[in-house]
Structure formats: C-alpha cells, structure tokens
$ cat run07.pdb   # PDB, C-alpha atoms
MODEL        1
ATOM      1  CA  MET A 273      40.458  14.452 -53.284  1.00  0.00           C
ATOM      2  CA  THR A 274      37.281  16.243 -52.212  1.00  0.00           C
ATOM      3  CA  GLU A 275      34.770  14.690 -54.610  1.00  0.00           C
ATOM      4  CA  PRO A 276      34.522  10.983 -55.421  1.00  0.00           C
ATOM      5  CA  LYS A 277      35.230   9.731 -58.920  1.00  0.00           C
ATOM      6  CA  ILE A 278      32.100   8.622 -60.764  1.00  0.00           C
ATOM      7  CA  PHE A 279      32.718   4.944 -61.416  1.00  0.00           C
ATOM      8  CA  ASP A 280      29.560   4.385 -63.482  1.00  0.00           C
ATOM      9  CA  LYS A 281      26.262   6.142 -64.150  1.00  0.00           C
ATOM     10  CA  LYS A 282      24.226   3.051 -63.381  1.00  0.00           C
ATOM     11  CA  PRO A 283      23.985   1.069 -60.144  1.00  0.00           C
ATOM     12  CA  SER A 284      25.129  -2.473 -59.418  1.00  0.00           C
ATOM     13  CA  ARG A 285      22.439  -5.041 -58.664  1.00  0.00           C
ATOM     14  CA  VAL A 286      23.822  -7.539 -56.155  1.00  0.00           C
ATOM     15  CA  THR A 287      22.369 -10.244 -53.935  1.00  0.00           C
ATOM     16  CA  LEU A 288      23.968 -10.050 -50.508  1.00  0.00           C
ATOM     17  CA  GLU A 289      24.066 -12.569 -47.699  1.00  0.00           C
ATOM     18  CA  PRO A 290      23.691 -11.340 -44.099  1.00  0.00           C
ATOM     19  CA  GLY A 291      26.827  -9.572 -42.937  1.00  0.00           C
ATOM     20  CA  THR A 292      28.785  -6.333 -42.951  1.00  0.00           C
ATOM     21  CA  TYR A 293      30.077  -4.889 -46.210  1.00  0.00           C
ATOM     22  CA  HIS A 294      32.294  -1.929 -47.108  1.00  0.00           C
ATOM     23  CA  TRP A 295      30.993   0.144 -50.007  1.00  0.00           C
ATOM     24  CA  CYS A 296      33.514   2.112 -52.066  1.00  0.00           C
ATOM     25  CA  ALA A 297      32.836   5.823 -51.548  1.00  0.00           C
ATOM     26  CA  CYS A 298      35.809   7.187 -53.530  1.00  0.00           C
ATOM     27  CA  GLY A 299      35.112   5.532 -56.891  1.00  0.00           C
ATOM     28  CA  LEU A 300      38.657   4.193 -57.247  1.00  0.00           C
ATOM     29  CA  SER A 301      38.163   0.599 -56.071  1.00  0.00           C
ATOM     30  CA  THR A 302      39.109  -2.250 -58.389  1.00  0.00           C
ATOM     31  CA  ASN A 303      36.364  -4.309 -56.698  1.00  0.00           C
ATOM     32  CA  GLN A 304      33.326  -2.062 -57.355  1.00  0.00           C
ATOM     33  CA  PRO A 305      30.949  -1.463 -55.716  1.00  0.00           C
ATOM     34  CA  PHE A 306      32.954  -2.687 -52.727  1.00  0.00           C
ATOM     35  CA  CYS A 307      36.155  -1.264 -51.247  1.00  0.00           C
ATOM     36  CA  SER A 308      39.543  -2.590 -52.379  1.00  0.00           C
ATOM     37  CA  GLY A 309      41.616  -0.160 -50.302  1.00  0.00           C
ATOM     38  CA  ALA A 310      42.287   2.185 -53.246  1.00  0.00           C
ATOM     39  CA  HIS A 311      40.975   5.125 -51.194  1.00  0.00           C
ATOM     40  CA  LYS A 312      44.148   5.343 -49.111  1.00  0.00           C
ATOM     41  CA  GLY A 313      45.457   8.905 -49.215  1.00  0.00           C
ATOM     42  CA  THR A 314      42.297  10.363 -50.772  1.00  0.00           C
ATOM     43  CA  GLY A 315      40.628  11.539 -47.565  1.00  0.00           C
ATOM     44  CA  ILE A 316      37.511   9.548 -48.527  1.00  0.00           C
ATOM     45  CA  THR A 317      36.728   6.422 -46.549  1.00  0.00           C
ATOM     46  CA  PRO A 318      34.491   3.458 -47.384  1.00  0.00           C
ATOM     47  CA  LEU A 319      31.035   3.168 -45.871  1.00  0.00           C
ATOM     48  CA  ALA A 320      30.322   0.096 -43.745  1.00  0.00           C
ATOM     49  CA  PHE A 321      26.773  -1.229 -43.911  1.00  0.00           C
ATOM     50  CA  THR A 322      25.033  -4.316 -42.583  1.00  0.00           C
ATOM     51  CA  ILE A 323      22.559  -6.605 -44.277  1.00  0.00           C
ATOM     52  CA  GLU A 324      20.333  -8.508 -41.849  1.00  0.00           C
ATOM     53  CA  GLU A 325      18.866 -11.078 -44.265  1.00  0.00           C
ATOM     54  CA  LYS A 326      19.727 -12.272 -47.760  1.00  0.00           C
ATOM     55  CA  LYS A 327      18.353  -9.782 -50.288  1.00  0.00           C
ATOM     56  CA  GLU A 328      18.908  -8.092 -53.625  1.00  0.00           C
ATOM     57  CA  VAL A 329      20.023  -4.463 -53.461  1.00  0.00           C
ATOM     58  CA  TRP A 330      21.030  -1.761 -55.936  1.00  0.00           C
ATOM     59  CA  LEU A 331      24.319  -0.173 -54.872  1.00  0.00           C
ATOM     60  CA  CYS A 332      25.303   3.297 -56.060  1.00  0.00           C
ATOM     61  CA  ASN A 333      28.205   3.499 -58.532  1.00  0.00           C
ATOM     62  CA  CYS A 334      28.071   7.253 -59.209  1.00  0.00           C
ATOM     63  CA  LYS A 335      29.035   7.837 -55.546  1.00  0.00           C
ATOM     64  CA  HIS A 336      26.641  10.814 -55.228  1.00  0.00           C
ATOM     65  CA  SER A 337      23.477   9.145 -53.855  1.00  0.00           C
ATOM     66  CA  ALA A 338      21.774  10.821 -50.901  1.00  0.00           C
ATOM     67  CA  ASN A 339      20.964   7.294 -49.660  1.00  0.00           C
ATOM     68  CA  LYS A 340      24.489   5.805 -49.697  1.00  0.00           C
ATOM     69  CA  PRO A 341      25.364   3.031 -50.320  1.00  0.00           C
ATOM     70  CA  PHE A 342      22.061   2.478 -52.102  1.00  0.00           C
ATOM     71  CA  CYS A 343      21.116   4.009 -55.443  1.00  0.00           C
ATOM     72  CA  ASP A 344      18.557   6.828 -55.324  1.00  0.00           C
ATOM     73  CA  GLY A 345      18.630   7.738 -59.030  1.00  0.00           C
ATOM     74  CA  THR A 346      21.068  10.673 -58.656  1.00  0.00           C
ATOM     75  CA  HIS A 347      23.172   9.235 -61.517  1.00  0.00           C
ATOM     76  CA  LYS A 348      20.426  10.368 -63.929  1.00  0.00           C
ATOM     77  CA  THR A 349      21.259  14.023 -63.206  1.00  0.00           C
ATOM     78  CA  LEU A 350      25.061  13.833 -63.450  1.00  0.00           C
TER      79      LEU A 350
ENDMDL
END
$ encode --input "run07.pdb" --output "structure tokens"
Amino acid sequence: MTEPKIFDKKPSRVTLEPGTYHWCACGLSTNQPFCSGAHKGTGITPLAFTIEEKKEVWLCNCKHSANKPFCDGTHKTL
C-alpha cells in the first residue's frame, strides 16, 4: 500500500484532553480518526501527536493533509 485509503472527505471535530494520541494515517482503522492497528502490513504507520491542553481540533480523514494529523482543507480537492 503506497497511498492511504480516503476514509472520508470531511474532517472529524474532536475535543482532546492533554496526552499523546495516534492518528490513523492509512485510512483503514475501525476507530477513525485514531489508529486501531489495521495498518499492519500496509507499510503505513500511524502518526503520534501530543496535545498540551484540552482543546477542540479538526483531524484529517482524507489522509492527504499537508498538516497531518490536522485538516488543511485538502479533502476539497480530492
């Protein structure tokens, strides 16, 4: 697998507590937008990111953002 699967062409709005999260980069997770381990064998690995304080974020579901794991609007051109 060289390109991720587009899970959705709109982002997920989530409120996250401080901590480290693993964003699904392959598009195959059953726990979108977070990793469920479905990437195994694809050659694509999840992206770890840290949130310092509780906040609302928009996480990319098209898997093509230039600002991963955050949405940058790329889904509008796919």
$ closest_residue --input "run07.pdb" --among "A:Thr317, A:Pro305, A:Pro283, A:Cys298" --to "A:Asp344" --atoms "all atoms listed in the file"
A:Pro283
$ resolve_selection --input "run07.pdb" --expression "the PyMOL selection byres ((chain A and resi 299-301) around 10)" --output "PyMOL selection string"
chain A and resi 275-280+295-298+302-312+314+316+318+333-335
$ atom_distance --input "run07.pdb" --atom1 "atom CA of A:Cys332" --atom2 "atom CA of A:Thr292"
16.6 Å
$ residues_near_point --input "run07.pdb" --point "(24.7, -2.8, -40.2)" --cutoff "10 Å" --atoms "all atoms listed in the file" --output "PyMOL selection string"
chain A and resi 290-293+320-324
$ atom_distance --input "run07.pdb" --atom1 "atom CA of A:Gly345" --atom2 "atom CA of A:Lys282"
8.5 Å
$ closest_residue --input "run07.pdb" --among "A:Met273, A:Trp330, A:Phe342, A:Leu319" --to "A:Arg285" --atoms "only C-alpha atoms"
A:Trp330
$ build_atoms --input "run07.pdb" --residues "stretch 290-307 of chain A" --atoms "N, CA, C and O atoms" --output "short mmCIF file (atom, residue, chain, number, x, y, z; two decimals), in the frame of the given file"
data_model
loop_
_atom_site.label_atom_id
_atom_site.label_comp_id
_atom_site.auth_asym_id
_atom_site.auth_seq_id
_atom_site.Cartn_x
_atom_site.Cartn_y
_atom_site.Cartn_z
N PRO A 290 23.56 -12.11 -45.33
CA PRO A 290 23.69 -11.34 -44.10
C PRO A 290 25.15 -11.11 -43.75
O PRO A 290 25.99 -12.00 -43.91
N GLY A 291 25.46 -9.90 -43.32
CA GLY A 291 26.83 -9.57 -42.94
C GLY A 291 27.11 -8.09 -43.10
O GLY A 291 26.22 -7.31 -43.45
N THR A 292 28.34 -7.72 -42.82
CA THR A 292 28.78 -6.33 -42.95
C THR A 292 29.64 -6.20 -44.20
O THR A 292 30.52 -7.03 -44.45
N TYR A 293 29.39 -5.16 -44.96
CA TYR A 293 30.08 -4.89 -46.21
C TYR A 293 30.67 -3.49 -46.17
O TYR A 293 30.22 -2.64 -45.40
N HIS A 294 31.67 -3.25 -47.01
CA HIS A 294 32.29 -1.93 -47.11
C HIS A 294 32.15 -1.43 -48.55
O HIS A 294 32.81 -1.94 -49.46
N TRP A 295 31.29 -0.44 -48.70
CA TRP A 295 30.99 0.14 -50.01
C TRP A 295 32.05 1.18 -50.37
O TRP A 295 32.43 2.03 -49.55
N CYS A 296 32.53 1.14 -51.59
CA CYS A 296 33.51 2.11 -52.07
C CYS A 296 32.86 3.48 -52.21
O CYS A 296 31.90 3.65 -52.96
N ALA A 297 33.37 4.46 -51.48
CA ALA A 297 32.84 5.82 -51.55
C ALA A 297 33.69 6.74 -52.42
O ALA A 297 33.23 7.82 -52.81
N CYS A 298 34.90 6.31 -52.77
CA CYS A 298 35.81 7.19 -53.53
C CYS A 298 35.69 6.99 -55.04
O CYS A 298 36.05 7.87 -55.81
N GLY A 299 35.23 5.82 -55.47
CA GLY A 299 35.11 5.53 -56.89
C GLY A 299 36.36 4.93 -57.51
O GLY A 299 36.40 4.69 -58.71
N LEU A 300 37.38 4.68 -56.72
CA LEU A 300 38.66 4.19 -57.25
C LEU A 300 38.87 2.69 -57.09
O LEU A 300 39.82 2.14 -57.62
N SER A 301 37.99 2.02 -56.36
CA SER A 301 38.16 0.60 -56.07
C SER A 301 38.23 -0.24 -57.34
O SER A 301 37.53 0.01 -58.32
N THR A 302 39.05 -1.28 -57.29
CA THR A 302 39.11 -2.25 -58.39
C THR A 302 38.12 -3.39 -58.15
O THR A 302 38.07 -4.33 -58.92
N ASN A 303 37.34 -3.29 -57.07
CA ASN A 303 36.36 -4.31 -56.70
C ASN A 303 34.97 -3.68 -56.54
O ASN A 303 34.25 -3.99 -55.61
N GLN A 304 34.61 -2.78 -57.44
CA GLN A 304 33.33 -2.06 -57.36
C GLN A 304 32.15 -3.01 -57.26
O GLN A 304 32.16 -4.05 -57.91
N PRO A 305 31.16 -2.69 -56.47
CA PRO A 305 30.95 -1.46 -55.72
C PRO A 305 31.54 -1.51 -54.31
O PRO A 305 31.29 -0.64 -53.49
N PHE A 306 32.38 -2.52 -54.05
CA PHE A 306 32.95 -2.69 -52.73
C PHE A 306 34.38 -2.13 -52.67
O PHE A 306 35.04 -1.97 -53.68
N CYS A 307 34.84 -1.86 -51.47
CA CYS A 307 36.16 -1.26 -51.25
C CYS A 307 37.28 -2.26 -51.51
O CYS A 307 37.20 -3.42 -51.10
#
